[in-house]
Each structure stands twice: as C-alpha cells, then as structure tokens.
Amino acid sequence: MLHAQPQVLEFLANRRSRPAKTLVEPAPDRAALAPILEMALRVPDHGKLEPWRLIILEGDAMGRLADLAAARAGALGFEPERVEKTAVMFRDAPMMVAVISAPVESEKVPVAEQVLSAGAVCLSLVNAALASGWGANWLTGPLAFDAIFTADGLELAASEQVAGFVVLGTETKAPPERPRPDVTAKVSWVTS
C-alpha cells in the first residue's frame, strides 16, 4: 500500500538551491548542524562502505582557503577575474562543508559507485539544510579537482577527491525560479 508524504513531495517539487553569493552569517552552529549532517549521510551506500567523509570549514579556515585558492589559481594561470572569483567562493562563504569522496577497497563495489554515493551526500546535505530553514548551495569549481589545492588546503590523501563544497548560511533573498528540464525530452521507456 502506498504511503504518500505530501509535505515531502511538495518540498522536492519546489526545492531550489540558494545562490552561494546570497548566503550570509549566521550559519548553523554545531547543534543545528548535527541533525543536518546525520540526514546527509543517509544515502545509498552499497556494501555499507561509507566511502565519504565531511570537513566542516568555518572561521579563519575560510580566509586561509581563500588565500590558498587565489595563490593556486594564479599559479595555474587563471585570468585575474577568475582568480578573484575562485578566492571569493571561500572568502565570502559563511560556512562550507567539504564532502570528500574517499573510496574504500572493495571487490564488490566499484569506485565509480562509491563516488556517486559521495555525490548523493552532497545533494542530501543541501536538501537537509534547505528543509531545516538554511540556505544551501553545492559548488565545485576548478580547485575542487586540483590535487595540490586539496592536499595543501584540506589535507586530502591521493585517493580522495572533493565531491562538493556545500555552502551553508542564511538566505538573504529568494532565488528566482529557473527553467526546468522537459521530462518528455529526458525520459525514454523500454517495454520489451
């Protein structure tokens, strides 16, 4: 028997990430963040490997990462505007949760599936924060995939990578609606 949950369906039908540049202090404190993190980790995880971890970034860490991002973006030859945009992503964020894909050795579960599980953590984190009344946005950016930045800034192992930087804070304005995918153009049915 179906057990519909209309409030959940309404939330999912209307969910909308908040642009990171519109999020300001305050961000959730530890008590407010704890249940959001618990909900975020309730994702598909074949083999119960928990192939991810979270790094909470706030306070002085944001300035340190902004400086490192600017230096690294400059070293990579980014245009000055892009260097600044890369640094601002960290400097202006009230709080960030770095979701780290940390694959586990497994004969049964391929690494690609484990990486997808980390991506599911990102979306669950955004949705749990939004449902809790916070603004949230999932970002990556070029330095999320830069081994030097992630090793120096986040102390990631060579086998780890950033699945997403989830910015959390207080929403300053509701985001405009955006065009949504045409379901009929994106869905096909196989019946035989």
# chains A, B, ... in the order shown; residues from 1 in each chain; ligands from 1
call {"tool": "residues_around", "arguments": {"residues": "stretch 48-51 of chain A", "least_positions_apart": "4", "cutoff": "6 Å", "atoms": "only C-alpha atoms", "output": "ChimeraX atom specification"}}
result
/A:102-104,114
call {"tool": "write_last_selection", "arguments": {"atoms": "N, CA and C atoms", "output": "tab-separated table (two decimals), in the first residue's frame"}}
result
chain	number	residue	atom	x	y	z
A	102	ALA	N	35.92	9.31	-0.58
A	102	ALA	CA	37.05	8.55	-0.04
A	102	ALA	C	36.80	7.07	-0.30
A	103	PRO	N	37.00	6.64	-1.55
A	103	PRO	CA	36.71	5.24	-1.90
A	103	PRO	C	37.45	4.24	-1.01
A	104	VAL	N	36.79	3.12	-0.80
A	104	VAL	CA	37.28	2.05	0.05
A	104	VAL	C	37.58	0.85	-0.85
A	114	GLN	N	31.04	4.24	-5.60
A	114	GLN	CA	31.36	4.89	-4.34
A	114	GLN	C	31.41	6.41	-4.50
call {"tool": "select_by_dssp", "arguments": {"residues": "stretch 9-191 of chain A", "states": "strand (DSSP E)", "output": "ChimeraX atom specification"}}
result
/A:23-24,52-57,95-101,135-139,161-171
call {"tool": "write_last_selection", "arguments": {"atoms": "N, CA and C atoms", "output": "CSV table (one decimal), in the first residue's frame"}}
result
chain,number,residue,atom,x,y,z
A,23,LEU,N,24.2,34.0,0.4
A,23,LEU,CA,24.2,33.4,1.7
A,23,LEU,C,25.1,34.2,2.7
A,24,VAL,N,24.6,34.5,3.9
A,24,VAL,CA,25.4,35.3,4.8
A,24,VAL,C,25.3,34.6,6.2
A,52,TRP,N,33.0,8.1,2.0
A,52,TRP,CA,33.0,9.6,2.1
A,52,TRP,C,33.3,10.1,3.5
A,53,ARG,N,33.6,11.3,3.6
A,53,ARG,CA,33.8,12.0,4.9
A,53,ARG,C,33.5,13.4,4.7
A,54,LEU,N,33.3,14.1,5.8
A,54,LEU,CA,32.9,15.6,5.7
A,54,LEU,C,34.0,16.4,6.5
A,55,ILE,N,34.3,17.5,5.9
A,55,ILE,CA,35.2,18.5,6.6
A,55,ILE,C,34.4,19.8,6.7
A,56,ILE,N,34.2,20.2,7.9
A,56,ILE,CA,33.4,21.5,8.2
A,56,ILE,C,34.4,22.6,8.2
A,57,LEU,N,34.1,23.6,7.3
A,57,LEU,CA,35.0,24.8,7.1
A,57,LEU,C,34.3,26.0,7.6
A,95,MET,N,29.9,29.4,5.9
A,95,MET,CA,30.3,28.1,6.3
A,95,MET,C,30.3,27.2,5.1
A,96,MET,N,31.2,26.2,5.0
A,96,MET,CA,31.3,25.3,4.0
A,96,MET,C,31.4,23.9,4.6
A,97,VAL,N,30.8,22.9,3.9
A,97,VAL,CA,31.1,21.5,4.3
A,97,VAL,C,31.7,20.9,3.0
A,98,ALA,N,32.9,20.5,3.1
A,98,ALA,CA,33.6,19.8,2.0
A,98,ALA,C,33.2,18.3,2.1
A,99,VAL,N,32.5,17.9,1.1
A,99,VAL,CA,32.1,16.4,1.1
A,99,VAL,C,33.3,15.8,0.3
A,100,ILE,N,33.9,14.8,0.9
A,100,ILE,CA,35.1,14.2,0.4
A,100,ILE,C,34.7,12.8,0.0
A,101,SER,N,35.0,12.5,-1.3
A,101,SER,CA,34.8,11.1,-1.8
A,101,SER,C,36.1,10.4,-1.4
A,135,GLY,N,19.9,28.4,4.0
A,135,GLY,CA,20.2,28.4,2.6
A,135,GLY,C,21.4,27.5,2.3
A,136,ALA,N,21.4,26.9,1.2
A,136,ALA,CA,22.5,25.9,0.8
A,136,ALA,C,22.7,25.9,-0.7
A,137,ASN,N,24.0,25.6,-1.0
A,137,ASN,CA,24.4,25.5,-2.4
A,137,ASN,C,25.5,24.6,-2.5
A,138,TRP,N,25.5,23.7,-3.6
A,138,TRP,CA,26.6,22.7,-3.8
A,138,TRP,C,27.4,23.3,-4.9
A,139,LEU,N,28.7,23.5,-4.6
A,139,LEU,CA,29.7,24.0,-5.6
A,139,LEU,C,30.8,23.1,-5.8
A,161,GLN,N,39.0,12.8,-3.2
A,161,GLN,CA,38.7,14.0,-4.0
A,161,GLN,C,37.5,14.7,-3.5
A,162,VAL,N,37.4,16.0,-3.8
A,162,VAL,CA,36.2,16.7,-3.3
A,162,VAL,C,35.0,16.4,-4.2
A,163,ALA,N,34.0,15.9,-3.6
A,163,ALA,CA,32.7,15.7,-4.4
A,163,ALA,C,31.9,17.0,-4.5
A,164,GLY,N,32.1,17.9,-3.4
A,164,GLY,CA,31.4,19.1,-3.5
A,164,GLY,C,31.7,20.0,-2.3
A,165,PHE,N,31.7,21.3,-2.4
A,165,PHE,CA,31.7,22.2,-1.4
A,165,PHE,C,30.3,22.7,-1.2
A,166,VAL,N,29.7,22.4,0.0
A,166,VAL,CA,28.3,22.8,0.2
A,166,VAL,C,28.4,24.0,1.1
A,167,VAL,N,27.9,25.2,0.6
A,167,VAL,CA,27.9,26.4,1.3
A,167,VAL,C,26.6,26.5,2.1
A,168,LEU,N,26.7,26.8,3.4
A,168,LEU,CA,25.5,26.9,4.3
A,168,LEU,C,25.5,28.3,4.9
A,169,GLY,N,24.3,28.9,5.0
A,169,GLY,CA,24.2,30.2,5.6
A,169,GLY,C,22.7,30.6,5.7
A,170,THR,N,22.5,31.9,5.9
A,170,THR,CA,21.2,32.5,6.0
A,170,THR,C,20.9,33.1,4.6
A,171,GLU,N,19.7,32.8,4.2
A,171,GLU,CA,19.3,33.3,2.9
A,171,GLU,C,18.9,34.8,3.0
call {"tool": "residues_around", "arguments": {"residues": "A:Arg180", "least_positions_apart": "3", "cutoff": "12 Å", "atoms": "only C-alpha atoms", "output": "list in words"}}
result
Ala13, Asn14, Arg15, Arg16, Glu177, Val183, Thr184, Ala185 and Lys186 of chain A
call {"tool": "write_last_selection", "arguments": {"atoms": "C-alpha atoms", "output": "short mmCIF file (atom, residue, chain, number, x, y, z; two decimals), in the first residue's frame"}}
result
data_model
loop_
_atom_site.label_atom_id
_atom_site.label_comp_id
_atom_site.auth_asym_id
_atom_site.auth_seq_id
_atom_site.Cartn_x
_atom_site.Cartn_y
_atom_site.Cartn_z
CA ALA A 13 8.77 19.62 -6.26
CA ASN A 14 9.76 23.13 -5.20
CA ARG A 15 13.32 22.72 -3.85
CA ARG A 16 15.79 25.27 -5.10
CA GLU A 177 12.72 30.22 -10.48
CA VAL A 183 10.73 15.39 -18.69
CA THR A 184 9.48 14.09 -22.04
CA ALA A 185 12.80 15.09 -23.66
CA LYS A 186 14.89 13.36 -20.98
#
call {"tool": "select_by_dssp", "arguments": {"residues": "stretch 7-184 of chain A", "states": "alpha helix (DSSP H)", "output": "NGL selection string"}}
result
:A and (7-14 or 30-40 or 60-75 or 80-91 or 111-131 or 147-154 or 183-184)
call {"tool": "residues_around", "arguments": {"residues": "A:Met62", "least_positions_apart": "6", "cutoff": "8 Å", "atoms": "only C-alpha atoms", "output": "PyMOL selection string"}}
result
chain A and resi 90-91+93+95
call {"tool": "write_last_selection", "arguments": {"atoms": "C-alpha atoms", "output": "mmCIF file, in the first residue's frame"}}
result
data_model
loop_
_atom_site.group_PDB
_atom_site.id
_atom_site.type_symbol
_atom_site.label_atom_id
_atom_site.label_comp_id
_atom_site.auth_asym_id
_atom_site.auth_seq_id
_atom_site.Cartn_x
_atom_site.Cartn_y
_atom_site.Cartn_z
ATOM 1 C CA PHE A 90 35.793 30.675 0.066
ATOM 2 C CA ARG A 91 36.204 34.194 1.480
ATOM 3 C CA ALA A 93 31.022 31.758 2.441
ATOM 4 C CA MET A 95 30.326 28.084 6.297
#
call {"tool": "residues_around", "arguments": {"residues": "A:Val121", "least_positions_apart": "4", "cutoff": "7 Å", "atoms": "only C-alpha atoms", "output": "list in words"}}
result
Ala40, Leu41, Val43, Ser117 and Leu125 of chain A
call {"tool": "closest_residue", "arguments": {"among": "A:Asp60, A:Glu84, A:Glu38, A:Asp92", "to": "A:Ala20", "atoms": "only C-alpha atoms"}}
result
A:Asp92
call {"tool": "closest_residue", "arguments": {"among": "A:Leu130, A:Leu2, A:Leu65, A:Ala71", "to": "A:Met39", "atoms": "only C-alpha atoms"}}
result
A:Leu130
call {"tool": "atom_distance", "arguments": {"atom1": "atom CA of A:Thr191", "atom2": "atom CA of A:Pro110"}}
result
28.4 Å
call {"tool": "atom_distance", "arguments": {"atom1": "atom CA of A:Arg64", "atom2": "atom CA of A:Ala129"}}
result
24.8 Å
